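S.K.: This is data28.csv (CSV, C-alpha atoms).
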```
chain,number,residue,atom,x,y,z
X,202,MET,CA,19.4,-24.3,-0.7
X,203,ASN,CA,18.9,-24.4,3.1
X,204,GLY,CA,15.5,-23.3,4.3
X,205,ALA,CA,15.2,-20.8,7.2
X,206,SER,CA,13.7,-23.4,9.4
X,207,ALA,CA,16.5,-26.0,8.9
X,208,GLY,CA,18.2,-27.1,12.0
X,209,ALA,CA,15.7,-25.4,14.3
X,210,GLY,CA,16.3,-27.9,17.1
X,211,GLY,CA,19.4,-28.6,19.1
X,212,ASP,CA,22.0,-26.4,20.9
X,213,GLY,CA,24.5,-24.3,19.1
X,214,ALA,CA,22.2,-23.5,16.1
X,215,LEU,CA,23.3,-20.7,13.8
X,216,VAL,CA,21.3,-17.6,13.2
X,217,TYR,CA,20.2,-18.5,9.7
X,218,GLN,CA,18.9,-21.9,11.0
X,219,ARG,CA,16.6,-20.2,13.5
X,220,TRP,CA,15.7,-17.3,11.2
X,221,LYS,CA,12.0,-16.3,11.6
X,222,GLY,CA,11.7,-14.5,8.3
X,223,ASN,CA,10.8,-16.2,5.0
X,224,ASN,CA,14.3,-16.0,3.5
X,225,VAL,CA,16.2,-18.8,1.8
X,226,PHE,CA,19.9,-19.2,2.6
X,227,VAL,CA,22.6,-20.7,0.4
X,228,LEU,CA,26.1,-22.0,1.4
X,229,GLN,CA,25.4,-22.1,5.1
X,230,GLY,CA,24.1,-18.6,5.4
X,231,ARG,CA,26.7,-16.8,3.2
X,232,PHE,CA,24.0,-15.8,0.7
X,233,VAL,CA,20.5,-14.7,1.6
X,234,PHE,CA,17.6,-14.7,-0.9
X,235,GLY,CA,13.9,-13.9,-0.7
X,236,PRO,CA,11.3,-16.7,-0.6
X,237,ASP,CA,10.7,-16.3,-4.3
X,238,ALA,CA,14.3,-16.9,-5.3
X,239,ARG,CA,13.3,-19.4,-8.0
X,240,SER,CA,12.3,-16.5,-10.2
X,241,LEU,CA,16.0,-15.9,-10.6
X,242,TYR,CA,16.1,-18.8,-13.0
X,243,VAL,CA,13.5,-17.1,-15.2
X,244,THR,CA,15.4,-13.8,-15.1
X,245,MET,CA,18.7,-15.4,-16.0
X,246,PHE,CA,17.1,-17.3,-18.9
X,247,LEU,CA,15.6,-14.1,-20.3
X,248,ILE,CA,19.2,-12.7,-20.4
X,249,VAL,CA,21.3,-15.7,-21.4
X,250,ALA,CA,18.9,-17.0,-24.1
X,251,PRO,CA,18.8,-13.9,-26.3
X,252,VAL,CA,22.6,-13.3,-25.9
X,253,SER,CA,23.3,-16.9,-26.9
X,254,ILE,CA,21.2,-16.6,-30.0
X,255,PHE,CA,22.9,-13.3,-30.8
X,256,CYS,CA,26.3,-14.8,-30.5
X,257,VAL,CA,25.5,-17.8,-32.7
X,258,PHE,CA,23.3,-16.3,-35.4
X,259,VAL,CA,24.5,-12.7,-35.6
X,260,ALA,CA,28.0,-12.1,-34.2
X,261,ARG,CA,29.4,-15.3,-35.6
X,262,GLU,CA,28.0,-14.5,-39.1
X,263,LEU,CA,29.5,-11.0,-38.8
X,264,MET,CA,32.8,-12.6,-38.1
X,265,ASN,CA,32.7,-15.3,-40.8
X,266,ASN,CA,31.1,-13.4,-43.7
X,267,PHE,CA,32.3,-9.9,-43.5
X,268,SER,CA,35.7,-8.2,-43.4
X,269,TYR,CA,37.4,-6.1,-40.7
X,270,GLY,CA,37.0,-8.8,-38.1
X,271,LEU,CA,33.8,-7.1,-36.8
X,272,GLY,CA,32.2,-10.3,-35.4
X,273,LEU,CA,34.8,-11.3,-32.8
X,274,PRO,CA,34.8,-8.1,-30.7
X,275,VAL,CA,31.1,-7.9,-31.0
X,276,MET,CA,30.7,-11.4,-29.7
X,277,VAL,CA,33.2,-10.9,-26.9
X,278,ALA,CA,31.6,-7.6,-25.8
X,279,ALA,CA,28.2,-9.3,-25.7
X,280,VAL,CA,29.4,-12.1,-23.5
X,281,VAL,CA,31.3,-9.8,-21.2
X,282,PHE,CA,28.3,-7.5,-21.0
X,283,ALA,CA,25.9,-10.4,-20.2
X,284,ALA,CA,28.3,-11.7,-17.5
X,285,TYR,CA,28.5,-8.3,-15.9
X,286,ASP,CA,24.7,-8.1,-16.0
X,287,LEU,CA,24.3,-11.5,-14.3
X,288,SER,CA,26.9,-10.6,-11.6
X,289,LEU,CA,24.8,-7.4,-10.7
X,290,LEU,CA,21.7,-9.6,-10.6
X,291,LEU,CA,23.3,-11.9,-8.0
X,292,LEU,CA,24.7,-9.0,-6.0
X,293,THR,CA,21.2,-7.6,-5.8
X,294,SER,CA,19.5,-10.8,-5.0
X,295,GLY,CA,22.0,-12.7,-2.8
X,296,ARG,CA,22.8,-10.1,-0.2
X,297,ASP,CA,21.1,-8.7,2.9
X,298,PRO,CA,19.0,-5.8,1.7
X,299,GLY,CA,19.1,-4.1,5.1
X,300,ILE,CA,17.1,-6.3,7.4
X,301,ILE,CA,16.7,-5.0,10.9
X,302,PRO,CA,17.0,-7.8,13.5
X,303,ARG,CA,13.9,-8.6,15.5
X,304,ASN,CA,13.8,-7.8,19.2
X,305,ALA,CA,13.5,-10.8,21.6
X,306,ARG,CA,10.9,-8.8,23.6
X,307,PRO,CA,9.0,-5.5,23.1
X,308,PRO,CA,10.4,-2.2,24.2
X,309,GLU,CA,9.5,-0.8,27.6
X,310,PRO,CA,5.8,0.4,27.4
X,311,GLU,CA,4.6,3.7,28.7
X,312,SER,CA,1.9,4.3,31.3
X,313,LEU,CA,-1.5,5.1,30.0
X,314,ASP,CA,-2.6,8.7,30.2
X,315,GLY,CA,-5.9,9.5,31.8
X,316,ASN,CA,-7.8,8.8,35.0
X,317,ALA,CA,-8.5,5.1,34.6
X,318,GLU,CA,-9.5,3.4,37.8
X,319,VAL,CA,-7.3,0.6,38.9
X,320,GLY,CA,-7.9,-1.8,41.8
X,321,ALA,CA,-5.7,-2.1,44.7
X,322,ASN,CA,-4.2,-5.5,43.6
X,323,GLN,CA,-3.9,-4.6,39.9
X,324,THR,CA,-1.0,-3.3,38.0
X,325,PRO,CA,-1.8,-0.2,35.9
X,326,PRO,CA,-2.2,-1.2,32.2
X,327,LEU,CA,0.6,-0.1,29.9
X,328,ARG,CA,0.5,0.7,26.3
X,329,LEU,CA,3.0,1.0,23.5
X,330,PRO,CA,2.1,4.1,21.3
X,331,ARG,CA,1.3,3.1,17.8
X,332,VAL,CA,3.5,5.8,16.3
X,333,LYS,CA,6.3,8.0,17.5
X,334,ASP,CA,7.5,11.3,16.0
X,335,VAL,CA,11.1,11.7,14.8
X,336,VAL,CA,12.5,14.9,13.5
X,337,VAL,CA,14.5,14.5,10.2
X,338,ASN,CA,16.1,17.7,8.8
X,339,GLY,CA,13.7,19.8,10.7
X,340,ILE,CA,10.6,17.9,9.5
X,341,THR,CA,8.6,15.6,11.8
X,342,VAL,CA,8.3,12.1,10.5
X,343,LYS,CA,6.1,9.4,12.1
X,344,THR,CA,7.6,6.0,12.8
X,345,LYS,CA,5.4,3.0,13.3
X,346,TYR,CA,5.6,0.1,15.8
X,347,CYS,CA,6.0,-3.3,14.1
X,348,ASP,CA,4.2,-6.0,16.1
X,349,THR,CA,6.0,-8.8,14.2
X,350,CYS,CA,9.6,-7.5,14.8
X,351,MET,CA,8.7,-5.8,18.2
X,352,LEU,CA,10.4,-2.6,17.4
X,353,TYR,CA,9.8,0.9,16.2
X,354,ARG,CA,10.8,1.1,12.6
X,355,PRO,CA,13.4,3.7,11.8
X,356,PRO,CA,12.5,6.4,9.2
X,357,ARG,CA,12.1,5.0,5.7
X,358,CYS,CA,11.9,1.4,7.0
X,359,SER,CA,9.0,-0.8,6.2
X,360,HIS,CA,7.9,-4.4,6.8
X,361,CYS,CA,7.9,-6.6,3.7
X,362,SER,CA,5.0,-9.0,3.8
X,363,ILE,CA,6.8,-11.4,1.4
X,364,CYS,CA,10.1,-11.7,3.2
X,365,ASN,CA,8.5,-11.0,6.6
X,366,ASN,CA,11.3,-8.7,7.7
X,367,CYS,CA,11.6,-5.0,8.4
X,368,VAL,CA,14.0,-3.5,5.8
X,369,GLU,CA,15.9,-0.2,6.0
X,370,ARG,CA,15.1,2.3,3.3
X,371,PHE,CA,12.6,-0.1,1.9
X,372,ASP,CA,12.0,0.5,-1.8
X,373,HIS,CA,10.0,-2.5,-3.0
X,374,HIS,CA,10.1,-6.3,-3.2
X,375,CYS,CA,11.2,-7.2,-6.8
X,376,PRO,CA,9.9,-10.6,-8.0
X,377,TRP,CA,12.4,-10.6,-10.9
X,378,VAL,CA,15.3,-10.7,-8.5
X,379,GLY,CA,13.5,-12.5,-5.7
X,380,GLN,CA,14.6,-10.1,-3.0
X,381,CYS,CA,13.6,-6.9,-1.2
X,382,ILE,CA,15.3,-3.8,-2.5
X,383,GLY,CA,16.6,-1.7,0.3
X,384,LEU,CA,19.5,0.3,1.8
X,385,ARG,CA,22.2,-2.3,1.0
X,386,ASN,CA,21.3,-3.4,-2.5
X,387,TYR,CA,19.5,-0.5,-4.2
X,388,ARG,CA,22.7,0.6,-5.8
X,389,PHE,CA,23.2,-2.8,-7.4
X,390,PHE,CA,19.6,-3.0,-8.4
X,391,TYR,CA,19.7,0.2,-10.4
X,392,MET,CA,23.0,-0.8,-12.0
X,393,PHE,CA,21.4,-4.2,-13.0
X,394,VAL,CA,18.4,-2.5,-14.5
X,395,PHE,CA,20.4,0.1,-16.4
X,396,SER,CA,23.0,-2.4,-17.7
X,397,THR,CA,20.1,-4.6,-18.9
X,398,THR,CA,18.8,-1.6,-20.8
X,399,LEU,CA,22.2,-1.1,-22.4
X,400,LEU,CA,22.5,-4.8,-23.3
X,401,CYS,CA,19.1,-4.7,-25.0
X,402,LEU,CA,20.1,-1.6,-27.0
X,403,TYR,CA,23.4,-3.3,-27.9
X,404,VAL,CA,21.8,-6.5,-29.3
X,405,PHE,CA,19.1,-4.4,-31.0
X,406,GLY,CA,21.7,-2.2,-32.7
X,407,PHE,CA,24.0,-4.9,-34.0
X,408,CYS,CA,21.1,-7.0,-35.3
X,409,TRP,CA,20.2,-4.0,-37.6
X,410,VAL,CA,23.9,-3.7,-38.5
X,411,TYR,CA,23.9,-7.4,-39.7
X,412,ILE,CA,20.6,-6.8,-41.7
X,413,VAL,CA,22.1,-3.8,-43.4
X,414,LYS,CA,25.3,-5.6,-44.3
X,415,ILE,CA,23.2,-8.4,-45.9
X,416,ARG,CA,21.3,-5.8,-47.9
X,417,ASN,CA,24.5,-4.1,-49.1
X,418,ALA,CA,26.4,-7.3,-49.8
X,419,GLU,CA,23.6,-8.9,-51.9
X,420,GLN,CA,22.1,-5.7,-53.3
X,421,ILE,CA,18.6,-6.5,-52.2
X,422,THR,CA,15.8,-4.7,-50.4
X,423,ILE,CA,15.8,-4.4,-46.6
X,424,TRP,CA,12.7,-6.6,-46.4
X,425,LYS,CA,14.4,-9.4,-48.3
X,426,ALA,CA,17.5,-9.0,-46.1
X,427,MET,CA,15.4,-9.3,-43.0
X,428,ALA,CA,13.8,-12.5,-44.4
X,429,LYS,CA,17.4,-14.0,-44.7
X,430,THR,CA,18.0,-13.7,-40.9
X,431,PRO,CA,14.9,-14.6,-38.9
X,432,ALA,CA,17.0,-14.8,-35.7
X,433,SER,CA,17.9,-11.1,-36.1
X,434,ILE,CA,14.2,-10.2,-36.5
X,435,ALA,CA,13.2,-12.2,-33.4
X,436,LEU,CA,15.9,-10.5,-31.4
X,437,VAL,CA,14.9,-7.0,-32.7
X,438,VAL,CA,11.3,-7.6,-31.6
X,439,TYR,CA,12.4,-9.1,-28.2
X,440,THR,CA,14.8,-6.3,-27.3
X,441,PHE,CA,12.4,-3.6,-28.5
X,442,ILE,CA,9.7,-4.9,-26.1
X,443,ALA,CA,12.2,-5.5,-23.3
X,444,VAL,CA,13.7,-2.0,-23.5
X,445,TRP,CA,10.4,-0.4,-22.8
X,446,PHE,CA,10.2,-2.2,-19.5
X,447,VAL,CA,13.8,-2.0,-18.3
X,448,GLY,CA,14.4,1.4,-19.9
X,449,GLY,CA,11.3,2.9,-18.4
X,450,LEU,CA,12.3,1.4,-15.0
X,451,SER,CA,15.7,3.0,-15.4
X,452,VAL,CA,14.2,6.4,-16.1
X,453,PHE,CA,11.7,6.1,-13.2
X,454,HIS,CA,14.4,5.2,-10.7
X,455,LEU,CA,16.7,7.9,-12.0
X,456,TYR,CA,13.9,10.4,-11.1
X,457,LEU,CA,13.5,8.7,-7.7
X,458,MET,CA,17.2,9.0,-7.0
X,459,SER,CA,17.4,12.7,-8.1
X,460,THR,CA,14.6,13.5,-5.6
X,461,ASN,CA,15.8,11.1,-2.9
X,462,GLN,CA,12.6,9.0,-2.8
X,463,THR,CA,11.9,5.3,-2.7
X,464,THR,CA,9.2,3.6,-4.8
X,465,TYR,CA,7.2,2.9,-1.6
X,466,GLU,CA,7.4,6.6,-0.6
X,467,ASN,CA,6.5,7.8,-4.1
X,468,PHE,CA,3.3,5.7,-4.3
X,469,ARG,CA,2.2,6.2,-0.7
X,470,TYR,CA,3.2,9.7,0.4
X,471,ARG,CA,3.6,11.7,-2.8
X,472,TYR,CA,6.3,14.1,-1.7
X,473,ASP,CA,5.4,16.5,-4.6
X,474,GLN,CA,2.4,17.5,-2.4
X,475,ARG,CA,4.5,18.1,0.8
X,476,ALA,CA,8.1,18.6,1.8
X,477,ASN,CA,10.5,15.7,1.4
X,478,PRO,CA,12.7,15.7,4.5
X,479,TYR,CA,15.4,13.5,2.7
X,480,ASN,CA,15.8,15.7,-0.5
X,481,ARG,CA,19.3,17.4,-0.4
X,482,GLY,CA,19.5,18.4,-4.0
X,483,VAL,CA,20.1,16.4,-7.2
X,484,MET,CA,23.9,16.0,-6.9
X,485,GLU,CA,23.9,15.1,-3.2
X,486,ASN,CA,21.1,12.6,-3.7
X,487,ILE,CA,22.9,10.9,-6.5
X,488,LYS,CA,26.1,10.9,-4.5
X,489,GLU,CA,24.3,9.3,-1.6
X,490,ILE,CA,23.3,6.4,-3.7
X,491,PHE,CA,26.5,5.7,-5.7
X,492,PHE,CA,29.4,7.3,-3.8
X,493,THR,CA,28.8,6.5,-0.1
X,494,ALA,CA,29.9,3.4,1.7
X,495,ILE,CA,27.3,0.7,2.0
X,496,PRO,CA,26.7,0.1,5.7
X,497,PRO,CA,27.6,-3.4,7.0
X,498,SER,CA,24.8,-5.9,7.6
X,499,ARG,CA,23.1,-5.8,11.0
X,500,ASN,CA,22.9,-9.6,10.9
X,501,ASN,CA,25.6,-12.2,11.2
X,502,PHE,CA,23.7,-15.1,9.8
X,503,ARG,CA,26.6,-17.6,10.6
X,504,ALA,CA,26.8,-16.6,14.2
X,505,THR,CA,25.6,-18.8,17.0
X,506,VAL,CA,22.1,-18.0,18.4
X,507,PRO,CA,22.4,-16.4,21.8
X,508,GLN,CA,21.0,-18.5,24.6
X,509,ASP,CA,18.3,-16.0,25.7
X,510,GLN,CA,16.9,-15.7,22.1
X,511,GLY,CA,15.9,-19.3,22.1
X,512,LEU,CA,13.5,-18.8,25.0
X,513,ARG,CA,10.0,-17.4,24.9
X,514,PRO,CA,10.1,-13.8,26.3
X,515,ARG,CA,8.3,-13.3,29.6
X,516,PRO,CA,5.2,-11.1,29.2
X,517,ILE,CA,5.2,-7.7,30.9
X,518,ASN,CA,2.5,-7.5,33.6
X,519,GLY,CA,-0.5,-5.4,32.4
X,520,PHE,CA,1.0,-4.9,29.0
X,521,MET,CA,-1.4,-3.6,26.3
X,522,SER,CA,-0.6,-3.9,22.6
X,523,PRO,CA,-1.0,-0.7,20.4
X,524,ASN,CA,-3.7,-2.7,18.6
X,525,MET,CA,-5.8,-3.4,21.8
X,526,GLY,CA,-9.3,-2.1,21.4
X,527,ARG,CA,-9.0,-1.6,17.6
X,528,ALA,CA,-8.7,-3.7,14.5
X,529,VAL,CA,-5.7,-6.1,15.0
X,530,GLY,CA,-3.4,-6.5,12.0
X,531,ASP,CA,-0.6,-4.8,10.2
X,532,ILE,CA,-1.7,-3.1,7.0
X,533,GLU,CA,1.8,-3.4,5.5
X,534,MET,CA,1.8,-7.1,6.3
X,535,GLY,CA,-1.2,-7.6,4.0
X,536,ARG,CA,-3.2,-9.5,6.6
X,537,LYS,CA,-6.9,-9.1,7.0
X,538,PRO,CA,-7.7,-7.1,10.2
X,539,VAL,CA,-9.7,-8.9,12.9
X,540,ALA,CA,-12.2,-6.7,14.7
X,541,TRP,CA,-12.1,-6.5,18.5
X,542,ASP,CA,-15.8,-7.0,19.2
X,543,GLU,CA,-16.0,-6.1,23.0
X,544,PRO,CA,-19.8,-6.4,23.4
X,545,ARG,CA,-19.9,-9.9,21.8
X,546,MET,CA,-17.0,-11.0,23.9
X,547,ALA,CA,-18.8,-9.7,27.1
X,548,ALA,CA,-21.9,-11.6,26.2
X,549,GLU,CA,-19.9,-14.8,25.7
X,550,ILE,CA,-18.1,-14.4,29.0
X,551,GLY,CA,-21.4,-13.7,30.7
X,552,ASP,CA,-22.8,-17.0,29.4
X,553,LEU,CA,-19.7,-18.8,30.5
X,554,GLY,CA,-20.2,-17.3,34.0
X,555,ALA,CA,-23.8,-18.4,34.2
X,556,GLY,CA,-22.8,-21.9,33.1
X,557,LEU,CA,-20.2,-22.1,35.9
X,558,SER,CA,-22.8,-21.0,38.4
X,559,ASN,CA,-25.2,-23.7,37.4
X,560,LEU,CA,-22.4,-26.4,37.6
X,561,LEU,CA,-21.8,-25.4,41.2
X,562,GLU,CA,-25.4,-26.5,42.2
X,563,ASP,CA,-26.1,-30.2,42.8
X,564,LYS,CA,-29.4,-32.0,43.5
X,565,ASP,CA,-29.3,-31.5,47.3
X,566,GLY,CA,-28.3,-27.9,47.1
X,567,ARG,CA,-25.2,-28.5,49.1
X,568,PHE,CA,-23.2,-26.0,47.1
X,569,ARG,CA,-26.0,-23.5,46.5
X,570,ASN,CA,-25.0,-21.1,49.2
X,571,ALA,CA,-21.4,-22.2,49.5
X,572,SER,CA,-20.1,-18.9,48.1
X,573,PRO,CA,-22.6,-16.2,47.3
X,574,ASP,CA,-20.1,-14.2,45.3
X,575,LEU,CA,-18.7,-17.2,43.4
X,576,SER,CA,-20.4,-16.5,40.2
X,577,ARG,CA,-19.4,-12.8,40.4
X,578,ASP,CA,-15.8,-13.9,41.0
X,579,ALA,CA,-16.0,-16.1,38.0
X,580,LEU,CA,-17.2,-13.2,35.9
X,581,ALA,CA,-14.3,-11.1,37.2
X,582,ILE,CA,-11.9,-13.8,36.3
X,583,GLY,CA,-13.4,-13.9,32.8
X,584,GLY,CA,-12.9,-10.2,32.4
X,585,LEU,CA,-16.1,-8.6,33.7
X,586,ASP,CA,-17.0,-6.9,37.0
X,587,ASP,CA,-20.5,-6.7,38.6
X,588,GLU,CA,-21.6,-4.0,36.2
X,589,GLY,CA,-20.5,-5.9,33.1
X,590,SER,CA,-17.6,-3.5,32.4
X,591,SER,CA,-14.3,-4.8,31.0
X,592,VAL,CA,-11.5,-5.5,33.5
X,593,MET,CA,-8.1,-6.4,32.0
X,594,ASP,CA,-6.4,-9.5,33.3
X,595,PRO,CA,-3.0,-8.3,34.4
X,596,GLY,CA,-1.3,-11.5,33.2
X,597,ARG,CA,-2.6,-11.3,29.6
X,598,THR,CA,-0.4,-9.8,27.0
X,599,SER,CA,-0.5,-9.1,23.3
X,600,TRP,CA,1.7,-12.1,22.5
X,601,GLY,CA,-1.4,-14.1,21.3
X,602,VAL,CA,-2.5,-11.5,18.8
X,603,GLU,CA,0.9,-10.5,17.5
X,604,ALA,CA,0.8,-9.1,14.0
X,605,GLY,CA,-2.8,-10.2,13.4
X,606,ARG,CA,-2.1,-13.8,14.3
```
Starting from the coordinates I provided, produce the structure as structure tokens.
M.R.:
Amino acid sequence: MNGASAGAGGDGALVYQRWKGNNVFVLQGRFVFGPDARSLYVTMFLIVAPVSIFCVFVARELMNNFSYGLGLPVMVAAVVFAAYDLSLLLLTSGRDPGIIPRNARPPEPESLDGNAEVGANQTPPLRLPRVKDVVVNGITVKTKYCDTCMLYRPPRCSHCSICNNCVERFDHHCPWVGQCIGLRNYRFFYMFVFSTTLLCLYVFGFCWVYIVKIRNAEQITIWKAMAKTPASIALVVYTFIAVWFVGGLSVFHLYLMSTNQTTYENFRYRYDQRANPYNRGVMENIKEIFFTAIPPSRNNFRATVPQDQGLRPRPINGFMSPNMGRAVGDIEMGRKPVAWDEPRMAAEIGDLGAGLSNLLEDKDGRFRNASPDLSRDALAIGGLDDEGSSVMDPGRTSWGVEAGR
């Protein structure tokens, strides 16, 4: 696997080599996984191991010890079913889930409303609104500004704190597939979960068929027949437990699809208490998931990085972050907010100004009266005027506190 930071230096770097998210790329950017892609090995083992045991200890015995050639088609069907399930797992995990590319610079800010006094040589401070209203099917939906990606997230988009990307129609980040579930892989995710449920029921059912055949062939009780095939009992217990997880997940996502919700929306917004702007009826909602074309990826991970994206963007004069004057941090990024303590900062800057004033005096007092307003000027540079009120430095931007960092 090639890490996202590989090949960060040098000209002609590819997009996946300069990628700022936490993704892991395989085969030179042809496949993109989440940072927890190693969990795929566990998931594949949980599928391959029971199917292998089933083929060796159940299907083969059905083929060797009983008539009608039942064992061979049962074994072939199990292998094909497992291969299909694994292919859906890789389709879910190894593709772009709907990542929205980051902006190289923030959008154009808007002028602040109000009657804020601005000096003659100062640029009026500008602010990006924290949220914007978008109308979806006649219902107003709020879209949030993402400090990390420097864009306004489209409706149903959210920033994944694990992958560190904004993902369209974000559903959730699944640790079992090691990838975000979004617009471009939700269909394959549901097919994977549902096919895993069917595979569990298949193995569970034919294990009982084998046990019943042993009972009928040897004319013994069902308990003694179960004792003769411990592998079947182990598989029955395993699949019974697993089907509650994957089966319950299949039913839950069937409900989400029928109401056109995502897992994130269901847990956060609870559309049963207000109108869902995306619900178009059960049949149309199901059709949207399974029978519409999957949009192409917004990212060409194997393309060459444009020249201007390798440069640090120039700050906008007088630019104010939406987070200025409030707790800095993105709740969805999972970072602890840092309070903007203006009184404490004013006191510290005042102490700094007093220290600068003392440094300007020497033993002979040659610099005592050199500039009567020097200490006041130093305070103004530090961010305070004569009355101790805050004055924003026009050259300071929100780059230093981007996304809570």
S.K.: Just want the 12 Å neighbourhood of Phe453 in chain X, counted on only C-alpha atoms, with same-chain residues fewer than 3 positions away dropped. Output as a list in words.
M.R.: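 The residues satisfying every condition are Tyr391, Val394, Phe395, Trp445, Phe446, Val447, Gly448, Gly449, Leu450, Tyr456, Leu457, Met458, Ser459, Thr460, Gln462, Thr463, Thr464 and Asn467 of chain X.
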S.K.: Point out the residue among X:Ala432, X:Met245, X:Val368, X:Val410 with the least atom-to-atom distance to Leu384 in chain X, counting all atoms listed in the file.
M.R.: X:Val368
S.K.: Compile the contact shell of Val275 in chain X as a list in words: residues with an atom at most 9 Å away, counting all atoms listed in the file, same-chain residues fewer than 5 positions apart removed.
M.R.: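 Answer for this query is Cys256, Ala260, Arg261, Leu263, Met264, Val280 and Phe407 of chain X.
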S.K.: What does the distance from CA of Asn500 in chain X to CA of Arg388 in chain X come to in Å, to one decimal?
M.R.: 19.6 Å
S.K.: From the list X:Val277, X:Leu247, X:Val378, X:Met351, which residue is nearest Leu291 in chain X when using all atoms listed in the file?
M.R.: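 Going through X:Val277, X:Leu247, X:Val378, X:Met351 one by one, the smallest distance to Leu291 in chain X is for X:Val378.
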S.K.: Just how far from CA of Asn480 in chain X is CA of Asn461 in chain X, in Å to one decimal?
M.R.: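 Between CA of Asn461 in chain X and CA of Asn480 in chain X the gap works out to 5.2 Å.
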S.K.: Just checking: using only C-alpha atoms, which residue out of X:Cys364, X:Leu241, X:Val249, X:Val337 ends up closest to Ser294 in chain X?
M.R.: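 Nearest to Ser294 in chain X: X:Leu241.
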S.K.: Hey, what's within 8 Å of Leu215 in chain X if we count only C-alpha atoms and toss same-chain stuff fewer than 3 positions away? As a compact mmCIF listing (two decimals) with C-alpha atoms, in the frame of the given file, please?
M.R.:
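Output (selection20.txt):
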```txt
# COMPACT_ATOMS: atom_id res chain seq x y z
CA GLN X 218 18.90 -21.90 11.00
CA ARG X 219 16.60 -20.20 13.50
CA PHE X 502 23.70 -15.10 9.80
CA ARG X 503 26.60 -17.60 10.60
CA ALA X 504 26.80 -16.60 14.20
CA THR X 505 25.60 -18.80 17.00
CA VAL X 506 22.10 -18.00 18.40
```
S.K.: Measure the distance from CA of Gly339 in chain X to CA of Pro496 in chain X in Å and round it to one decimal.
M.R.: 24.1 Å
S.K.: Can you work out which one of X:Phe492, X:Val413, X:Cys375, X:Ile248 has the shortest atom-to-atom distance to Ala284 in chain X, counting all atoms listed in the file?
M.R.: X:Ile248
S.K.: Select, from X:Ala283, X:Pro298, X:Leu228, X:Arg481, the residue with the minimum atom-to-atom distance to Gly379 in chain X, counting all atoms listed in the file.
M.R.: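 The answer is X:Pro298, which sits nearest to Gly379 in chain X.
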S.K.: Measuring atom to atom with all atoms listed in the file, identify which of X:Ser451, X:Ser498, X:Met484, X:Thr397 is nearest to Leu289 in chain X.
M.R.: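 Using all atoms listed in the file, the shortest distance to Leu289 in chain X belongs to X:Thr397.
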S.K.: Near Val404 in chain X, within 9 Å and counting only C-alpha atoms, which residues show up once chain neighbours fewer than 6 positions away are dropped, as a ChimeraX atom specification?
M.R.: /X:251-252,255,279,436-437,440
